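Remarks on the structure that follows.
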Amino acid sequence: MALLLPVFGFLCGLGLASISAAASLKALLASGLARCFIPIVIIYNMVFYQPGSLSLMLFSFASAVLLFYFFLLILKDRLRALCVSYVNLAWLGFPFALALFGPEVSAPMVALYVGGSIFGNIWAVSAVSPDAQPWASAAKKAALSPPVLALLLAGIFRLLGLQHLQEHHWIDLIYQCAKIGMSFSGMCVLGMWMRRTRVHWQDILRSSRIFALKLLCGAVICSLAYAFAPIANIERYIGVMLLLFCLPPAANIVALETHYQGTGASAQYIASGTIVSCALVGLYGLALHLI
């Protein structure tokens, strides 16, 4: 089921992309994913906290910052550097992780998502805007983002003692439904988006070269984290930590670019990066099953 649900969602997206209401449906699914399903998953996992979550948040955030400035130095392009460092943990990260590792990785994926989302909310606007953005404005935007608000709600629920409930079957049911909705809607949006995007062979080659270097950086960062970072149960989480570096650019980068610059150059980076990422994650999953 963990593998079939994302595939079914993707195929549904490919089919639904041709209907007249496709744009509205895509916006509805994306909004439900970002504002409902993912916050519910964050709240549940933070209330019923697992050791290592804070360290994984910091790992995700720090990795994104390192990737951004490393690729900015190489590519000399803030937009392309953002496309490398700000990854699609929402639409693709969760479905891929659940398919490869099963539902037990929900908690570490939540922590990685929160760290990446905080990075994206702070760095994305600054990277695509032609004018310098004040840090106070970026910090306010990050504080009001759904993942951070979900963390605050989780903190309130913990203070109220919700984690000590002996019977919480109805909470578990809501959580399971949110995970299903998250996986299906994320892959459905991807399928609808990919149906309408044209990608050329040179785009694939360019993304492949970038992903090769990015994966090398990920192997180095994960190795250092495994050796020195105080992350509880890191031996169980190292596989999903490396998956972070196999994911494509976040799809909302192109919306920000269009708003601030009036261009859409990142659409090609996102589309080709998504294709390369899907192939890379498939190879990664195959390697995991062979080991």
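In the structure tokens, each chain is lettered A, B, ... as it comes, each chain's residues begin at 1, and ligands are numbered from 1 in order of appearance.
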Checklist entry - Which polymer residues have any atom within 12 Å of an atom of Ile253 of chain A, counting only C-alpha atoms, with same-chain residues fewer than 5 positions away left out, as an MDAnalysis selection string? => result chainID A and resid 78:88 120:121 123:129 248 258:261 263:271
Checklist entry - In segment 2-246 of chain A, what's alpha helix (DSSP H) per DSSP? Answer as a VMD selection string? => result chain A and resid 4 to 16 22 to 32 38 to 47 53 to 75 78 to 85 94 to 101 106 to 128 135 to 143 146 to 159 169 to 195 201 to 228 234 to 243
Checklist entry - Contacts of segment 11-15 of chain A at 10 Å or less, counting only C-alpha atoms, minus same-chain residues fewer than 2 places along, as a list of chain:residue names? => result A:Leu5, A:Pro6, A:Val7, A:Phe8, A:Gly9, A:Ala17, A:Ser18, A:Ile19, A:Ala22, A:Leu25, A:Lys26, A:Phe184, A:Ser185, A:Gly186, A:Met187, A:Cys188, A:Val189, A:Leu190, A:Gly191, A:Met192, A:Trp193, A:Met194, A:Arg195, A:Arg196
Mind dumping the selected residues with N, CA, C and O atoms as a compact mmCIF listing (two decimals), in the first residue's frame?
```
# COMPACT_ATOMS: atom_id res chain seq x y z
N LEU A 5 -0.11 3.58 -3.28
CA LEU A 5 -0.85 4.82 -3.11
C LEU A 5 -0.19 6.00 -3.84
O LEU A 5 -0.88 6.73 -4.56
N PRO A 6 1.13 6.23 -3.69
CA PRO A 6 1.75 7.31 -4.46
C PRO A 6 1.65 7.11 -5.97
O PRO A 6 1.43 8.07 -6.72
N VAL A 7 1.81 5.87 -6.44
CA VAL A 7 1.70 5.59 -7.87
C VAL A 7 0.29 5.88 -8.35
O VAL A 7 0.08 6.50 -9.41
N PHE A 8 -0.72 5.46 -7.57
CA PHE A 8 -2.11 5.71 -7.93
C PHE A 8 -2.39 7.22 -7.98
O PHE A 8 -3.06 7.72 -8.89
N GLY A 9 -1.86 7.95 -6.98
CA GLY A 9 -2.05 9.40 -6.97
C GLY A 9 -1.42 10.07 -8.17
O GLY A 9 -2.02 10.98 -8.77
N ALA A 17 -5.20 16.07 -15.30
CA ALA A 17 -4.59 17.28 -15.84
C ALA A 17 -5.29 17.79 -17.09
O ALA A 17 -5.17 18.96 -17.45
N SER A 18 -6.05 16.92 -17.77
CA SER A 18 -6.69 17.31 -19.02
C SER A 18 -8.10 17.86 -18.84
O SER A 18 -8.70 18.33 -19.79
N ILE A 19 -8.65 17.82 -17.62
CA ILE A 19 -10.01 18.31 -17.42
C ILE A 19 -10.00 19.83 -17.29
O ILE A 19 -8.97 20.44 -16.99
N ALA A 22 -8.77 21.52 -13.96
CA ALA A 22 -7.49 21.02 -13.47
C ALA A 22 -6.75 22.05 -12.62
O ALA A 22 -6.21 21.72 -11.56
N LEU A 25 -8.43 22.39 -9.25
CA LEU A 25 -8.24 21.17 -8.47
C LEU A 25 -6.82 21.08 -7.94
O LEU A 25 -6.59 20.69 -6.79
N LYS A 26 -5.85 21.44 -8.78
CA LYS A 26 -4.45 21.41 -8.36
C LYS A 26 -4.22 22.38 -7.20
O LYS A 26 -3.54 22.04 -6.22
N PHE A 184 -1.37 10.89 -1.27
CA PHE A 184 -2.15 10.91 -2.51
C PHE A 184 -2.15 12.29 -3.15
O PHE A 184 -1.89 12.44 -4.35
N SER A 185 -2.45 13.32 -2.37
CA SER A 185 -2.56 14.66 -2.94
C SER A 185 -1.22 15.16 -3.46
O SER A 185 -1.15 15.81 -4.52
N GLY A 186 -0.13 14.84 -2.75
CA GLY A 186 1.19 15.26 -3.22
C GLY A 186 1.54 14.68 -4.57
O GLY A 186 1.98 15.40 -5.49
N MET A 187 1.32 13.39 -4.74
CA MET A 187 1.65 12.75 -6.02
C MET A 187 0.65 13.12 -7.11
O MET A 187 1.01 13.19 -8.29
N CYS A 188 -0.59 13.40 -6.73
CA CYS A 188 -1.59 13.81 -7.71
C CYS A 188 -1.23 15.18 -8.28
O CYS A 188 -1.30 15.41 -9.50
N VAL A 189 -0.83 16.11 -7.41
CA VAL A 189 -0.41 17.42 -7.88
C VAL A 189 0.81 17.30 -8.78
O VAL A 189 0.91 17.97 -9.82
N LEU A 190 1.75 16.44 -8.42
CA LEU A 190 2.93 16.22 -9.25
C LEU A 190 2.52 15.73 -10.64
O LEU A 190 3.02 16.22 -11.67
N GLY A 191 1.61 14.76 -10.70
CA GLY A 191 1.18 14.23 -11.99
C GLY A 191 0.51 15.29 -12.84
O GLY A 191 0.77 15.38 -14.06
N MET A 192 -0.32 16.13 -12.24
CA MET A 192 -0.99 17.20 -12.99
C MET A 192 0.01 18.22 -13.50
O MET A 192 -0.10 18.73 -14.62
N TRP A 193 0.99 18.50 -12.70
CA TRP A 193 2.00 19.50 -13.06
C TRP A 193 2.91 18.98 -14.18
O TRP A 193 3.22 19.68 -15.14
N MET A 194 3.33 17.71 -14.07
CA MET A 194 4.26 17.13 -15.05
C MET A 194 3.59 16.96 -16.41
O MET A 194 4.26 17.01 -17.45
N ARG A 195 2.28 16.75 -16.44
CA ARG A 195 1.56 16.57 -17.70
C ARG A 195 1.67 17.82 -18.58
O ARG A 195 1.64 17.73 -19.81
N ARG A 196 1.81 19.00 -17.96
CA ARG A 196 1.77 20.27 -18.69
C ARG A 196 3.16 20.89 -18.89
O ARG A 196 3.26 22.01 -19.39
```
Item to check | Shell around segment 54-61 of chain A at 6 Å using only C-alpha atoms, local window under 3 positions removed, as a list of chain:residue names | outcome: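 My list of contacting residues is A:Ala64, A:Ala111, A:Leu112, A:Gly115, A:Gly116, A:Phe119, A:Ile231.
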Written file, previous selection with C-alpha atoms, as a PDB file, in the first residue's frame:
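The resulting file, part-v3.pdb, is shown below:
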```
ATOM      1  CA  ALA A  64      19.963  23.575   3.014  1.00  0.00           C
ATOM      2  CA  ALA A 111      11.469  17.067  11.527  1.00  0.00           C
ATOM      3  CA  LEU A 112      13.333  17.268   8.207  1.00  0.00           C
ATOM      4  CA  GLY A 115      13.784  22.476   9.027  1.00  0.00           C
ATOM      5  CA  GLY A 116      13.603  22.694   5.236  1.00  0.00           C
ATOM      6  CA  PHE A 119      14.892  27.614   5.351  1.00  0.00           C
ATOM      7  CA  ILE A 231      21.120  12.782  16.820  1.00  0.00           C
TER       8      ILE A 231
END
```
Checklist entry - Could you state the separation of atom CA of Leu243 of chain A and atom CA of Ser207 of chain A in Å, given to one decimal place? => result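 Calculated distance between atom CA of Leu243 of chain A and atom CA of Ser207 of chain A is 16.7 Å.
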Next on the checklist: Just to confirm, what's the straight-line distance from atom CA of Lys141 of chain A to atom CA of Ile122 of chain A in Å (one decimal)?
Outcome noted: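 Atom CA of Ile122 of chain A lies at a distance of 7.5 Å from atom CA of Lys141 of chain A.
Atom CA of Ser183 of chain A sits 25.5 Å away from atom CA of Ser208 of chain A.
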Leu151 of chain A environment, 10 Å, only C-alpha atoms, sequence neighbours closer than 4 positions dropped, as a compact mmCIF listing (two decimals) with N, CA, C and O atoms, in the first residue's frame:
```txt
# COMPACT_ATOMS: atom_id res chain seq x y z
N PRO A 39 0.33 19.89 8.40
CA PRO A 39 0.25 20.36 9.79
C PRO A 39 -0.28 19.30 10.76
O PRO A 39 0.20 19.20 11.89
N ILE A 42 2.52 16.94 11.44
CA ILE A 42 3.52 17.59 12.30
C ILE A 42 3.03 17.61 13.74
O ILE A 42 3.77 17.24 14.67
N ILE A 43 1.79 18.03 13.96
CA ILE A 43 1.26 18.12 15.32
C ILE A 43 1.28 16.76 16.01
O ILE A 43 1.72 16.62 17.15
N TYR A 44 0.82 15.72 15.31
CA TYR A 44 0.77 14.39 15.91
C TYR A 44 2.17 13.93 16.33
O TYR A 44 2.37 13.46 17.45
N ASN A 45 3.13 14.06 15.41
CA ASN A 45 4.48 13.55 15.70
C ASN A 45 5.20 14.37 16.76
O ASN A 45 6.04 13.84 17.49
N MET A 46 4.90 15.67 16.84
CA MET A 46 5.53 16.49 17.86
C MET A 46 4.86 16.29 19.23
O MET A 46 5.54 16.37 20.26
N VAL A 47 3.56 16.04 19.25
CA VAL A 47 2.89 15.76 20.52
C VAL A 47 3.38 14.43 21.08
O VAL A 47 3.78 14.33 22.25
N VAL A 114 10.17 20.36 8.57
CA VAL A 114 10.08 21.62 9.29
C VAL A 114 11.36 22.43 9.10
O VAL A 114 11.32 23.64 8.83
N PRO A 146 2.57 27.62 7.93
CA PRO A 146 1.85 26.48 8.54
C PRO A 146 2.71 25.53 9.35
O PRO A 146 2.27 25.10 10.43
N PRO A 147 3.93 25.16 8.92
CA PRO A 147 4.72 24.24 9.74
C PRO A 147 5.06 24.81 11.12
O PRO A 147 5.03 24.08 12.12
N GLY A 155 3.19 22.31 20.75
CA GLY A 155 3.72 22.69 22.05
C GLY A 155 2.61 22.96 23.05
O GLY A 155 2.70 22.56 24.23
N ILE A 156 1.54 23.61 22.61
CA ILE A 156 0.40 23.87 23.49
C ILE A 156 -0.26 22.56 23.92
O ILE A 156 -0.58 22.37 25.10
N PHE A 157 -0.44 21.65 22.97
CA PHE A 157 -1.07 20.36 23.30
C PHE A 157 -0.21 19.56 24.27
O PHE A 157 -0.74 18.87 25.15
```
Checklist entry - For Tyr237 of chain A, which residue among A:Leu216, A:Met109, A:Val41, A:Val65 is the nearest when counting only C-alpha atoms? => result A:Met109
Next on the checklist: At a cut-off of 9 Å, using only C-alpha atoms, what residues contact Tyr284 of chain A? Leave out same-chain residues fewer than 5 positions from it and give the result as a ChimeraX atom specification.
Outcome noted: /A:100,243,246,279,289
Item to check | Residue nearest Ile210 of chain A among A:Tyr226, A:Phe101, A:Phe96, A:Phe245 (counting only C-alpha atoms) | outcome: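 Checking each of A:Tyr226, A:Phe101, A:Phe96, A:Phe245 against Ile210 of chain A, counting only C-alpha atoms, the winner is A:Phe245.
Considering only C-alpha atoms, the residue among A:Ala287, A:Met241, A:Leu75, A:Leu215 positioned nearest to Val110 of chain A is A:Met241.
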